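Enquirer: For reference, this is structure-v5.pdb, and it has PDB, C-alpha atoms.
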ATOM      1  CA  MET A   1      51.740  77.624 100.394
ATOM      2  CA  ASP A   2      49.153  75.687  98.404
ATOM      3  CA  LYS A   3      50.213  72.354  96.961
ATOM      4  CA  GLY A   4      51.666  72.991  93.527
ATOM      5  CA  SER A   5      52.165  76.726  93.990
ATOM      6  CA  VAL A   6      55.459  78.234  92.951
ATOM      7  CA  PHE A   7      55.250  81.287  95.174
ATOM      8  CA  ARG A   8      52.776  83.463  96.977
ATOM      9  CA  SER A   9      52.715  87.205  97.389
ATOM     10  CA  GLY A  10      50.327  89.093  99.648
ATOM     11  CA  ARG A  11      47.340  88.516  97.350
ATOM     12  CA  LEU A  12      48.520  86.240  94.538
ATOM     13  CA  THR A  13      49.337  82.574  94.255
ATOM     14  CA  ALA A  14      51.242  81.241  91.259
ATOM     15  CA  ARG A  15      51.284  77.653  89.992
ATOM     16  CA  PRO A  16      52.311  75.925  86.769
ATOM     17  CA  ALA A  17      49.705  75.916  83.991
ATOM     18  CA  GLY A  18      47.669  72.744  83.513
ATOM     19  CA  HIS A  19      45.136  71.281  81.121
ATOM     20  CA  GLY A  20      42.258  72.801  83.125
ATOM     21  CA  ASP A  21      43.417  76.357  82.353
ATOM     22  CA  ALA A  22      42.190  76.480  78.734
ATOM     23  CA  ALA A  23      39.390  78.975  79.480
ATOM     24  CA  LEU A  24      41.806  81.413  81.152
ATOM     25  CA  TYR A  25      44.277  81.235  78.264
ATOM     26  CA  ALA A  26      41.461  81.722  75.736
ATOM     27  CA  ALA A  27      40.135  84.722  77.691
ATOM     28  CA  LEU A  28      43.588  86.320  77.860
ATOM     29  CA  PHE A  29      44.994  85.522  74.419
ATOM     30  CA  GLY A  30      41.978  84.631  72.273
ATOM     31  CA  PRO A  31      40.764  81.300  70.929
ATOM     32  CA  ASP A  32      43.523  81.096  68.295
ATOM     33  CA  ARG A  33      46.556  82.138  70.381
ATOM     34  CA  GLY A  34      45.444  80.802  73.785
ATOM     35  CA  PRO A  35      45.795  77.039  73.217
ATOM     36  CA  PRO A  36      49.287  77.136  71.658
ATOM     37  CA  ARG A  37      50.485  79.520  74.385
ATOM     38  CA  GLN A  38      49.093  77.219  77.090
ATOM     39  CA  ILE A  39      50.772  74.174  75.530
ATOM     40  CA  ALA A  40      54.088  76.031  75.223
ATOM     41  CA  ASP A  41      53.914  77.096  78.886
ATOM     42  CA  MET A  42      53.139  73.555  80.021
ATOM     43  CA  GLN A  43      55.955  72.082  77.901
ATOM     44  CA  ASP A  44      58.487  74.673  79.040
ATOM     45  CA  TRP A  45      57.573  73.996  82.665
ATOM     46  CA  SER A  46      57.974  70.238  82.250
ATOM     47  CA  ARG A  47      61.328  70.658  80.467
ATOM     48  CA  HIS A  48      62.942  73.529  82.377
ATOM     49  CA  ALA A  49      60.732  74.390  85.397
ATOM     50  CA  VAL A  50      60.746  77.911  83.957
ATOM     51  CA  ALA A  51      57.546  79.118  82.293
ATOM     52  CA  PRO A  52      54.719  81.565  82.939
ATOM     53  CA  TRP A  53      52.385  80.447  85.731
ATOM     54  CA  VAL A  54      48.661  80.727  86.337
ATOM     55  CA  LEU A  55      48.076  83.547  88.819
ATOM     56  CA  SER A  56      45.166  83.360  91.256
ATOM     57  CA  HIS A  57      43.651  85.967  93.550
ATOM     58  CA  ALA A  58      41.096  85.043  96.210
ATOM     59  CA  GLY A  59      40.981  81.515  94.788
ATOM     60  CA  HIS A  60      40.169  82.586  91.218
ATOM     61  CA  PRO A  61      42.519  82.585  88.215
ATOM     62  CA  VAL A  62      43.157  86.191  87.187
ATOM     63  CA  GLY A  63      46.138  86.024  84.869
ATOM     64  CA  VAL A  64      49.225  84.354  83.506
ATOM     65  CA  GLY A  65      52.712  85.562  84.293
ATOM     66  CA  GLY A  66      56.248  84.433  84.866
ATOM     67  CA  PHE A  67      59.465  83.796  83.019
ATOM     68  CA  ARG A  68      60.623  82.228  79.804
ATOM     69  CA  ILE A  69      64.208  81.354  79.064
ATOM     70  CA  GLY A  70      65.486  84.138  76.819
ATOM     71  CA  PHE A  71      66.995  82.133  73.992
ATOM     72  CA  GLY A  72      68.654  84.710  71.770
ATOM     73  CA  GLU A  73      68.437  87.398  74.455
ATOM     74  CA  ASP A  74      70.479  88.012  77.571
ATOM     75  CA  GLY A  75      68.556  86.903  80.652
ATOM     76  CA  LEU A  76      65.046  85.706  81.434
ATOM     77  CA  GLU A  77      61.964  87.125  79.747
ATOM     78  CA  LEU A  78      59.260  88.358  82.120
ATOM     79  CA  ARG A  79      55.670  88.152  80.880
ATOM     80  CA  PHE A  80      52.399  89.016  82.566
ATOM     81  CA  ASP A  81      48.797  89.306  81.402
ATOM     82  CA  PHE A  82      45.771  89.882  83.629
ATOM     83  CA  LEU A  83      42.060  89.668  82.937
ATOM     84  CA  PRO A  84      40.561  93.131  82.306
ATOM     85  CA  GLU A  85      38.169  92.811  85.245
ATOM     86  CA  VAL A  86      41.055  92.943  87.757
ATOM     87  CA  ALA A  87      42.711  96.016  86.245
ATOM     88  CA  GLY A  88      43.474  98.821  88.666
ATOM     89  CA  GLN A  89      43.825  96.612  91.755
ATOM     90  CA  GLY A  90      47.634  96.681  91.831
ATOM     91  CA  LEU A  91      47.940  92.953  91.163
ATOM     92  CA  ALA A  92      50.328  93.376  88.220
ATOM     93  CA  GLY A  93      52.751  95.497  90.237
ATOM     94  CA  GLU A  94      52.568  93.050  93.134
ATOM     95  CA  PHE A  95      53.190  90.165  90.727
ATOM     96  CA  VAL A  96      56.231  91.844  89.154
ATOM     97  CA  GLN A  97      57.858  92.401  92.561
ATOM     98  CA  ALA A  98      57.189  88.816  93.706
ATOM     99  CA  ALA A  99      58.425  87.443  90.365
ATOM    100  CA  LEU A 100      61.647  89.467  90.565
ATOM    101  CA  ASP A 101      62.234  88.191  94.110
ATOM    102  CA  HIS A 102      61.701  84.652  92.792
ATOM    103  CA  ALA A 103      64.077  85.277  89.880
ATOM    104  CA  VAL A 104      66.881  86.297  92.227
ATOM    105  CA  SER A 105      66.347  83.860  95.092
ATOM    106  CA  VAL A 106      65.240  80.721  93.224
ATOM    107  CA  LEU A 107      66.333  81.079  89.598
ATOM    108  CA  LYS A 108      69.559  82.944  90.483
ATOM    109  CA  ALA A 109      68.933  85.370  87.618
ATOM    110  CA  ASP A 110      70.335  88.858  87.449
ATOM    111  CA  ARG A 111      69.179  89.997  83.994
ATOM    112  CA  ILE A 112      65.515  90.244  83.065
ATOM    113  CA  PHE A 113      63.876  91.636  79.947
ATOM    114  CA  ALA A 114      60.293  92.166  78.832
ATOM    115  CA  HIS A 115      58.507  93.074  75.628
ATOM    116  CA  VAL A 116      55.732  95.558  76.380
ATOM    117  CA  PRO A 117      53.022  96.735  74.002
ATOM    118  CA  THR A 118      53.534 100.226  72.642
ATOM    119  CA  ASP A 119      49.790 100.929  72.497
ATOM    120  CA  THR A 120      49.175 100.308  76.227
ATOM    121  CA  PRO A 121      51.253 102.370  78.697
ATOM    122  CA  VAL A 122      50.364 100.486  81.902
ATOM    123  CA  PRO A 123      52.766  97.497  81.553
ATOM    124  CA  ALA A 124      55.687  99.816  80.764
ATOM    125  CA  ARG A 125      54.809 102.011  83.764
ATOM    126  CA  ILE A 126      54.682  98.964  86.069
ATOM    127  CA  LEU A 127      58.051  97.736  84.815
ATOM    128  CA  HIS A 128      59.575 101.213  85.055
ATOM    129  CA  LYS A 129      58.521 101.396  88.734
ATOM    130  CA  ALA A 130      60.312  98.060  89.255
ATOM    131  CA  GLY A 131      63.528  99.496  87.767
ATOM    132  CA  PHE A 132      63.278  98.415  84.124
ATOM    133  CA  VAL A 133      64.547 100.792  81.457
ATOM    134  CA  ALA A 134      63.687 100.954  77.781
ATOM    135  CA  ASP A 135      66.284  99.356  75.538
ATOM    136  CA  GLY A 136      67.524 101.856  72.992
ATOM    137  CA  GLY A 137      68.074  99.246  70.275
ATOM    138  CA  GLU A 138      65.642  98.515  67.500
ATOM    139  CA  ASP A 139      63.546  95.368  67.766
ATOM    140  CA  ALA A 140      62.713  94.461  64.202
ATOM    141  CA  SER A 141      60.783  91.353  65.291
ATOM    142  CA  ALA A 142      57.816  93.306  66.654
ATOM    143  CA  ALA A 143      57.109  96.940  65.876
ATOM    144  CA  ASP A 144      54.128  96.881  68.257
ATOM    145  CA  THR A 145      56.303  96.155  71.315
ATOM    146  CA  ARG A 146      59.125  97.859  73.156
ATOM    147  CA  LEU A 147      61.984  96.007  74.826
ATOM    148  CA  MET A 148      62.695  96.855  78.471
ATOM    149  CA  ARG A 149      65.568  95.520  80.583
ATOM    150  CA  LEU A 150      66.531  95.192  84.229
ATOM    151  CA  THR A 151      69.843  94.168  85.741
ATOM    152  CA  LEU A 152      69.488  92.968  89.314
ATOM    153  CA  ARG A 153      72.209  92.940  91.912
ATOM    154  CA  ARG A 154      72.468  89.695  93.760
ATOM    155  CA  PRO A 155      73.821  89.790  97.304
ATOM    156  CA  LYS A 156      77.543  89.227  97.360
ATOM    157  CA  ALA A 157      78.581  85.842  98.673
ATOM    158  CA  ARG A 158      80.366  85.891 101.966
ATOM    159  CA  HIS A 159      83.834  84.455 101.793
ATOM    160  CA  PRO A 160      85.201  82.971 104.993
ATOM    161  CA  LEU A 161      88.484  84.311 106.200
ATOM    162  CA  PRO A 162      91.415  81.954 105.644
ATOM    163  CA  ARG A 163      92.442  80.012 108.739
ATOM    164  CA  ALA A 164      95.789  80.745 110.272
ATOM    165  CA  GLY A 165      97.830  77.749 109.975
TER     166      GLY A 165
END
Output the file's structure in the form of structure tokens.
Expert:
Amino acid sequence: MDKGSVFRSGRLTARPAGHGDAALYAALFGPDRGPPRQIADMQDWSRHAVAPWVLSHAGHPVGVGGFRIGFGEDGLELRFDFLPEVAGQGLAGEFVQAALDHAVSVLKADRIFAHVPTDTPVPARILHKAGFVADGGEDASAADTRLMRLTLRRPKARHPLPRAG
């Protein structure tokens, strides 16, 4: 694994965001929302070691994705955004699977949620394939998003048999 990477899937490498990622954040979220989002991700990583990462494919940054601590919600929030030029390559689905593996094995999480845009069906379809289901409750905070949830089953811990004594 590359120095500084959090995990690697077949085609993606993920690492914490840094100061040199301003252009990627601006391309993904716009010049007004990109810088504050980048700063928040960097601060969350330094405080909690849980924050969306910079995702690279073939040595080039292609997106931002990962987890945020779900203050006010049950579980971790999964987020992912990819540059439009890599759409249709299956990178988002690959990222979601690798991120869920990371959530279980490293973060020891078993509940994940995501807010997906209602005007773009692809993120919801990717999450649905990974086992997420739409939350039936109303989310008054954002009418342009839909809440989806996933409960993961962690492997049961093996308990040693008591010794005869």
Enquirer: So what do you get for CA of Ala103 (chain A) versus CA of Val133 (chain A), distance-wise?
Expert: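 Separation between CA of Ala103 (chain A) and CA of Val133 (chain A): 17.7 Å.
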Enquirer: I'd like the interatomic distance between CA of Leu152 (chain A) and CA of Val6 (chain A), to a tenth of an Å.
Expert: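 Calculated distance between CA of Leu152 (chain A) and CA of Val6 (chain A) is 20.7 Å.
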Enquirer: Give me the residues within 12 Å of Pro123 (chain A) as a list in words, counting all atoms listed in the file and dropping any in the same chain fewer than 4 places off.
Expert: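 My reading of the contact set: Leu78, Arg79, Phe80, Asp81, Phe82, Ala87, Gly88, Gly90, Leu91, Ala92, Gly93, Phe95, Val96, Ala114, His115, Val116, Pro117, Thr118, Asp119, Leu127, His128, Lys129, Ala130, Phe132, Thr145, Arg146, Leu147 and Met148 of chain A.
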Enquirer: For the selection just defined, write its residues with C-alpha atoms to a file, as a CSV table (one decimal), keeping the file's coordinate frame.
Expert:
chain,number,residue,atom,x,y,z
A,78,LEU,CA,59.3,88.4,82.1
A,79,ARG,CA,55.7,88.2,80.9
A,80,PHE,CA,52.4,89.0,82.6
A,81,ASP,CA,48.8,89.3,81.4
A,82,PHE,CA,45.8,89.9,83.6
A,87,ALA,CA,42.7,96.0,86.2
A,88,GLY,CA,43.5,98.8,88.7
A,90,GLY,CA,47.6,96.7,91.8
A,91,LEU,CA,47.9,93.0,91.2
A,92,ALA,CA,50.3,93.4,88.2
A,93,GLY,CA,52.8,95.5,90.2
A,95,PHE,CA,53.2,90.2,90.7
A,96,VAL,CA,56.2,91.8,89.2
A,114,ALA,CA,60.3,92.2,78.8
A,115,HIS,CA,58.5,93.1,75.6
A,116,VAL,CA,55.7,95.6,76.4
A,117,PRO,CA,53.0,96.7,74.0
A,118,THR,CA,53.5,100.2,72.6
A,119,ASP,CA,49.8,100.9,72.5
A,127,LEU,CA,58.1,97.7,84.8
A,128,HIS,CA,59.6,101.2,85.1
A,129,LYS,CA,58.5,101.4,88.7
A,130,ALA,CA,60.3,98.1,89.3
A,132,PHE,CA,63.3,98.4,84.1
A,145,THR,CA,56.3,96.2,71.3
A,146,ARG,CA,59.1,97.9,73.2
A,147,LEU,CA,62.0,96.0,74.8
A,148,MET,CA,62.7,96.9,78.5
Enquirer: Evaluate the PyMOL selection byres ((chain A and resi 51) around 8) on the structure here and hand back the selected residues as a PyMOL selection string.
Expert: chain A and resi 16+41-42+44-45+48-50+52-53+66-69
Enquirer: Provide the CA of Phe7 (chain A) to CA of Thr151 (chain A) distance in Å, to one decimal place.
Expert: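 Computing the Euclidean distance for CA of Phe7 (chain A) and CA of Thr151 (chain A) yields 21.6 Å.
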Enquirer: Any idea what's packed within 10 Å of Arg8 (chain A), counting all atoms listed in the file, ignoring anything in its chain fewer than 6 positions away? Could you give it as a list of chain:residue names?
Expert: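 Here the qualifying residues turn out to be A:Met1, A:Asp2, A:Ala14, A:Arg15, A:Leu55, A:Ser56, A:Phe95, A:Ala98, A:Ala99, A:His102.
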Enquirer: Can you pull out every residue within 12 Å of Phe29 (chain A), counting all atoms listed in the file, but drop anything in the same chain fewer than 2 positions away, and send it as a PDB file with C-alpha atoms, keeping the file's coordinate frame?
Expert:
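Ended up saving to selection.pdb:
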ATOM      1  CA  ALA A  22      42.190  76.480  78.734  1.00  0.00           C
ATOM      2  CA  ALA A  23      39.390  78.975  79.480  1.00  0.00           C
ATOM      3  CA  LEU A  24      41.806  81.413  81.152  1.00  0.00           C
ATOM      4  CA  TYR A  25      44.277  81.235  78.264  1.00  0.00           C
ATOM      5  CA  ALA A  26      41.461  81.722  75.736  1.00  0.00           C
ATOM      6  CA  ALA A  27      40.135  84.722  77.691  1.00  0.00           C
ATOM      7  CA  PRO A  31      40.764  81.300  70.929  1.00  0.00           C
ATOM      8  CA  ASP A  32      43.523  81.096  68.295  1.00  0.00           C
ATOM      9  CA  ARG A  33      46.556  82.138  70.381  1.00  0.00           C
ATOM     10  CA  GLY A  34      45.444  80.802  73.785  1.00  0.00           C
ATOM     11  CA  PRO A  35      45.795  77.039  73.217  1.00  0.00           C
ATOM     12  CA  PRO A  36      49.287  77.136  71.658  1.00  0.00           C
ATOM     13  CA  ARG A  37      50.485  79.520  74.385  1.00  0.00           C
ATOM     14  CA  GLN A  38      49.093  77.219  77.090  1.00  0.00           C
ATOM     15  CA  GLY A  63      46.138  86.024  84.869  1.00  0.00           C
ATOM     16  CA  VAL A  64      49.225  84.354  83.506  1.00  0.00           C
ATOM     17  CA  PHE A  80      52.399  89.016  82.566  1.00  0.00           C
ATOM     18  CA  ASP A  81      48.797  89.306  81.402  1.00  0.00           C
ATOM     19  CA  PHE A  82      45.771  89.882  83.629  1.00  0.00           C
ATOM     20  CA  LEU A  83      42.060  89.668  82.937  1.00  0.00           C
ATOM     21  CA  PRO A  84      40.561  93.131  82.306  1.00  0.00           C
TER      22      PRO A  84
END
Enquirer: Point out the residue among A:Glu85, A:Val54, A:Ser46, A:Gly136 with the least atom-to-atom distance to Gly20 (chain A), counting all atoms listed in the file.
Expert: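 Checking each candidate against Gly20 (chain A), we get A:Val54 as the closest.
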Enquirer: Going by the chain IDs and residue numbers used in this file, which residues fall under the PyMOL selection byres ((chain A and resi 111) around 6)? Write them as an mmCIF file with C-alpha atoms, in the frame of the given file.
Expert:
data_model
loop_
_atom_site.group_PDB
_atom_site.id
_atom_site.type_symbol
_atom_site.label_atom_id
_atom_site.label_comp_id
_atom_site.auth_asym_id
_atom_site.auth_seq_id
_atom_site.Cartn_x
_atom_site.Cartn_y
_atom_site.Cartn_z
ATOM 1 C CA GLY A 75 68.556 86.903 80.652
ATOM 2 C CA ALA A 109 68.933 85.370 87.618
ATOM 3 C CA ASP A 110 70.335 88.858 87.449
ATOM 4 C CA ILE A 112 65.515 90.244 83.065
ATOM 5 C CA LEU A 150 66.531 95.192 84.229
ATOM 6 C CA THR A 151 69.843 94.168 85.741
#
Enquirer: Between A:Arg47, A:Phe113, A:Arg153, A:Glu94, single out the one closest to Glu73 (chain A), counting all atoms listed in the file.
Expert: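 So, comparing all the options, the nearest one is A:Phe113.
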